Amino acid sequence: MQQHSDEALVAYLDGELDEGERRQVDAWLEADPAVRERLVALAQSDDLVRGAYAGIVNEPVPPRLIAAARGASEAAPAAPQEAEILVLKRPGWAAIPLPDRRWQIGFAAAAGLFGVIFGGVGTYLGMGMFNPVGPAAERQLAAAAANNIWLDNAAGYYKLTVNAGDTMLIDVPASNDPREALQKISQSLPQQVRLPDLKPWGLTFRGARLVVVEGRPAAQLVYGTDNKAIGLLTLVIGASKQPDIPPTFDRRQDVNLLYWRHQGRAYALVGQTDIGYLWGIANDVAWQLDAI
Amino acid sequence: MSFRWKHAEAPARAAERADPVSARFSDQLIAVLPRLRRFARGLAGTAAAADDLVQAACERALARAHQFQEGTRFDSWMFRIVQTIWIDQLRAREVRKEDGDVAEDRLGSDAAVRGIEARLALAEVRRAVERLAPDQRTTLMLVTVEGLSYKEAAAVAGVPVGTIMSRLARARVALQQQLDAGGGVRRSGKNAAAQ
C-alpha cells in the first residue's frame with residue numbers, strides 16, 4: 001500500500017497522473033496530514049538532486065570530448081608530441097637592448113598618447129630602426145617584441161569592445177548571413193577570414209571589426225552570450241610571417257588569451273572566462289578553421 | 001608555470017571536414033555534451049569516469065549515426081547510448097559489487113563530510129545517488145535531473161512506463177532515507193542548491 005501511494009505521489013509531483021488519478025491524490029492530501037508531509041519530503045529530495053547536478057552543465061567541456069564529437073579521436077596521434085603549453089611571461093622592456101634611450105621614451109610616449117592601437121603600429125615600425133648586435137639576435141628580438149605587441153593589441157581591443165558595450169562600432173554586423181558580409185572585411189586582409197560557429201558553446205556571433213594589430217590589419221570576431229560568467233569573447237585573426245607555434249596561454253591586461261600561429265596566420269582567442277573553457281573553444285575553432 | 005597538453009587532450013588535427021550531414025550530426029552532439037556529461041556523472045559517479053563514458057558514447061553515436069531517426073529526440077537517443085555503454089561496463093567489471101563496497105566505505109561515519117556546509121551537502125546528495133541501484137539511478141537522472149517524461153524515459157531505458165514509475169518511487173524513497181540518515185543535508189540542501 002505504501003509502495004503504491006509512493007508511486008502515486010511521485011507521479012503526482014512529476015505531473016504524470018491523469019485527471020482522475022490526480023483528483024484521487026488531492027483527496028488523500030486533503031484527508032491525511034501524513035501524506036502531505038510525505039509529499040513535501042519527496043519534493044525536497046527532488047530539489048536536492050536537481051541542485052546537486054545543476055552546475056555540471058556549466059562546466060567547460062573537455063577538448064577530448066569535442067574532438068570525439070567531431071569524430072577526431074583517431075587524429076590524436078597526429079598531434080604534436082606532447083605539445084608543451086608555455087605560459088609566456090612578457091619580457092621586461094629592460095631586457096630588450098634598446099640602443100638609444102630616446103626610443104624607449106618614444107615608445108612610452110607613443111603608447112601613452114595614441115593608446116594601444118597606434119602604440120602598436122609605432123613600435124612595429126620602430127622595430128626596424130633598432131641597431132641590434134646581429135641578424136639572429138635581431139630576428140629574435142623583433143619576434144619577441146612583435147609577439148608582445150600582438151598580444152597587447154589583441155587584449156586591448158578586447159577591453160575596448162567590452163567597455164564599448166552596445167555602442168561598439170561594428171564593420172560587419174551579425175546578420176542572417178554573416179559569412180557573406182564577412183567577405184567584405186576579408187578584402188582588407190591578405191587572406192579570407194572564415195567564421196567559426198560557436199553556437200554549441202552557447203556563443204552567438206555579434207559582429208566583426210577590422211582592427212590594426214602589430215601594425216597590420218586583422219579581423220576581430222566578437223561573440224557573446226547571456227551567461228555573465230562567460231561574457232564577451234573575441235577571436236583575432238591576422239597574417240603572420242612568424243613560425244608556427246602551438247596554442248599558448250598568456251594573460252594581459254587582466255584578460256586571458258590563447259594564441260597560436262599556423263601557416264601564415266596568427267590567432268588569439270581572448271576573454272575573461274575560465275581558461276579551461278577557452279581551451280575547449282580554441283580546440284573547436286582550430287578544427288573549424290583548419291588552423292592547427 | 002606550464003601546462004602539458006597530452007595527446008588525448010590535444011586539439012584535433014586538421015582532418016578532413018566531414019560532409020554537411022555529418023557536420024550537422026556532430027554539431028548536435030556537441031550541443032548535447034554538457035547534458036550528457038551531467039547524466040553520465042550521475043551514473044558513473046566521478047568526473048573522469050563520466051567523461052570516459054561520454055567519449056565512448058560519442059564514438060558509438062558517430063559509428064551508428066545512420067541509425068538515428070530524424071524527427072526523434074537526439075538527446076534521448078544519446079542518453080540511451082550512454083546508458084547502454086554504462087550497463088555494459090557494469091556487467092563487464094562487476095562494478096555492481098565494487099560500487100557496494102565503495103559505497104560502504106563512503107558511508108563510513110565521516111562526520112565532516114556529513115556536515116552541514118552547503119558544498120558538502122551537494123556532494124552528499126551525489127553520493128546518495130551513487131548508492132542507488134543502477135536502474136533506479138538511471139531513472140532518477142533521466143526524469144528528475146534531465147526532465148524527461150516517463151514515456152521518454154521508458155523509451156531510453158527500454159522498459160514499460162509502469163516500470164519507470166516503480167523504479168522512480170523506489171529511488172526517491174531510498175534517496176530520502178539516505179539523506180535523512182545523512183544528517184544535515186536537508187537543513188543545508190536549500191542553500192547548496194542555491195549556490
# chains A, B, ... in the order shown; residues from 1 in each chain; ligands from 1
call {"tool": "residues_around", "arguments": {"residues": "region 37-46 of chain A", "least_positions_apart": "3", "cutoff": "7 Å", "atoms": "only C-alpha atoms", "output": "number ranges by chain"}}
result
A: 9, 33-34, 49-50; B: 144, 172, 176
call {"tool": "residues_around", "arguments": {"residues": "region 149-152 of chain B", "least_positions_apart": "2", "cutoff": "8 Å", "atoms": "only C-alpha atoms", "output": "ChimeraX atom specification"}}
result
/A:16 /B:76,143,147,154-156,161,164-165
call {"tool": "residues_around", "arguments": {"residues": "region 267-281 of chain A", "least_positions_apart": "5", "cutoff": "9 Å", "atoms": "only C-alpha atoms", "output": "PDB file with C-alpha atoms, in the first residue's frame"}}
result
ATOM      1  CA  GLU A  59      31.451  23.286 -16.575  1.00  0.00           C
ATOM      2  CA  PRO A  60      33.830  23.601 -19.533  1.00  0.00           C
ATOM      3  CA  VAL A  61      33.573  20.604 -21.817  1.00  0.00           C
ATOM      4  CA  PRO A  62      36.963  18.861 -22.089  1.00  0.00           C
ATOM      5  CA  PRO A  63      38.564  19.249 -25.543  1.00  0.00           C
ATOM      6  CA  ARG A  64      38.825  15.481 -25.923  1.00  0.00           C
ATOM      7  CA  ILE A  66      34.735  17.968 -28.528  1.00  0.00           C
ATOM      8  CA  TRP A 150      50.351  41.420 -30.965  1.00  0.00           C
ATOM      9  CA  LEU A 151      49.070  40.085 -27.663  1.00  0.00           C
ATOM     10  CA  ALA A 154      44.513  41.722 -29.006  1.00  0.00           C
ATOM     11  CA  ALA A 155      43.885  42.215 -25.282  1.00  0.00           C
ATOM     12  CA  TYR A 158      39.042  43.074 -26.270  1.00  0.00           C
ATOM     13  CA  LEU A 198      30.389  28.657 -31.679  1.00  0.00           C
ATOM     14  CA  TRP A 201      29.191  26.698 -26.798  1.00  0.00           C
ATOM     15  CA  ALA A 229      30.101  34.171 -16.144  1.00  0.00           C
ATOM     16  CA  ILE A 230      31.415  33.850 -19.704  1.00  0.00           C
ATOM     17  CA  GLY A 231      30.820  37.315 -21.101  1.00  0.00           C
ATOM     18  CA  LEU A 232      32.206  38.502 -24.388  1.00  0.00           C
ATOM     19  CA  LEU A 233      34.786  36.558 -26.270  1.00  0.00           C
ATOM     20  CA  THR A 234      36.797  37.717 -29.257  1.00  0.00           C
ATOM     21  CA  LEU A 235      38.824  35.902 -31.857  1.00  0.00           C
ATOM     22  CA  VAL A 236      41.530  37.939 -33.569  1.00  0.00           C
ATOM     23  CA  ILE A 237      42.840  36.581 -36.853  1.00  0.00           C
ATOM     24  CA  GLY A 238      45.721  38.223 -38.637  1.00  0.00           C
ATOM     25  CA  ALA A 239      48.526  37.450 -41.017  1.00  0.00           C
ATOM     26  CA  PRO A 247      48.307  27.139 -28.617  1.00  0.00           C
ATOM     27  CA  PHE A 249      48.308  30.707 -22.807  1.00  0.00           C
ATOM     28  CA  ASP A 254      43.500  41.153 -16.833  1.00  0.00           C
ATOM     29  CA  VAL A 255      42.204  39.099 -19.733  1.00  0.00           C
ATOM     30  CA  ASN A 256      43.057  35.553 -20.768  1.00  0.00           C
ATOM     31  CA  LEU A 257      44.496  34.821 -24.188  1.00  0.00           C
ATOM     32  CA  LEU A 258      45.091  31.618 -26.056  1.00  0.00           C
ATOM     33  CA  TYR A 259      47.166  32.310 -29.116  1.00  0.00           C
ATOM     34  CA  TRP A 260      48.760  30.237 -31.818  1.00  0.00           C
ATOM     35  CA  ARG A 261      50.178  30.601 -35.298  1.00  0.00           C
ATOM     36  CA  HIS A 262      49.592  28.321 -38.184  1.00  0.00           C
ATOM     37  CA  ALA A 286      41.134  25.302 -34.703  1.00  0.00           C
ATOM     38  CA  ALA A 291      44.069  26.326 -38.015  1.00  0.00           C
TER      39      ALA A 291
ATOM     40  CA  PRO B  11      43.270  19.831 -30.286  1.00  0.00           C
TER      41      PRO B  11
END
call {"tool": "residues_around", "arguments": {"residues": "Trp86 (chain B)", "least_positions_apart": "4", "cutoff": "8 Å", "atoms": "only C-alpha atoms", "output": "PyMOL selection string"}}
result
chain B and resi 43-44+53+82+90
call {"tool": "atom_distance", "arguments": {"atom1": "CA of Leu122 (chain B)", "atom2": "CA of Gly55 (chain A)"}}
result
10.3 Å
call {"tool": "closest_residue", "arguments": {"among": "B:Glu124, B:Trp77, B:Ala61, B:Leu29", "to": "Asp180 (chain B)", "atoms": "only C-alpha atoms"}}
result
B:Glu124
call {"tool": "closest_residue", "arguments": {"among": "A:Leu289, A:Val25, A:Ala164, A:Val211", "to": "chain B", "atoms": "only C-alpha atoms"}}
result
A:Leu289
call {"tool": "atom_distance", "arguments": {"atom1": "CA of Val193 (chain A)", "atom2": "CA of Gln28 (chain B)"}}
result
24.6 Å
call {"tool": "atom_distance", "arguments": {"atom1": "CA of Ile185 (chain A)", "atom2": "CA of Ala208 (chain A)"}}
result
8.1 Å
call {"tool": "closest_residue", "arguments": {"among": "A:Lys184, A:Arg22, A:Lys199, A:Arg36", "to": "chain B", "atoms": "only C-alpha atoms"}}
result
A:Lys199
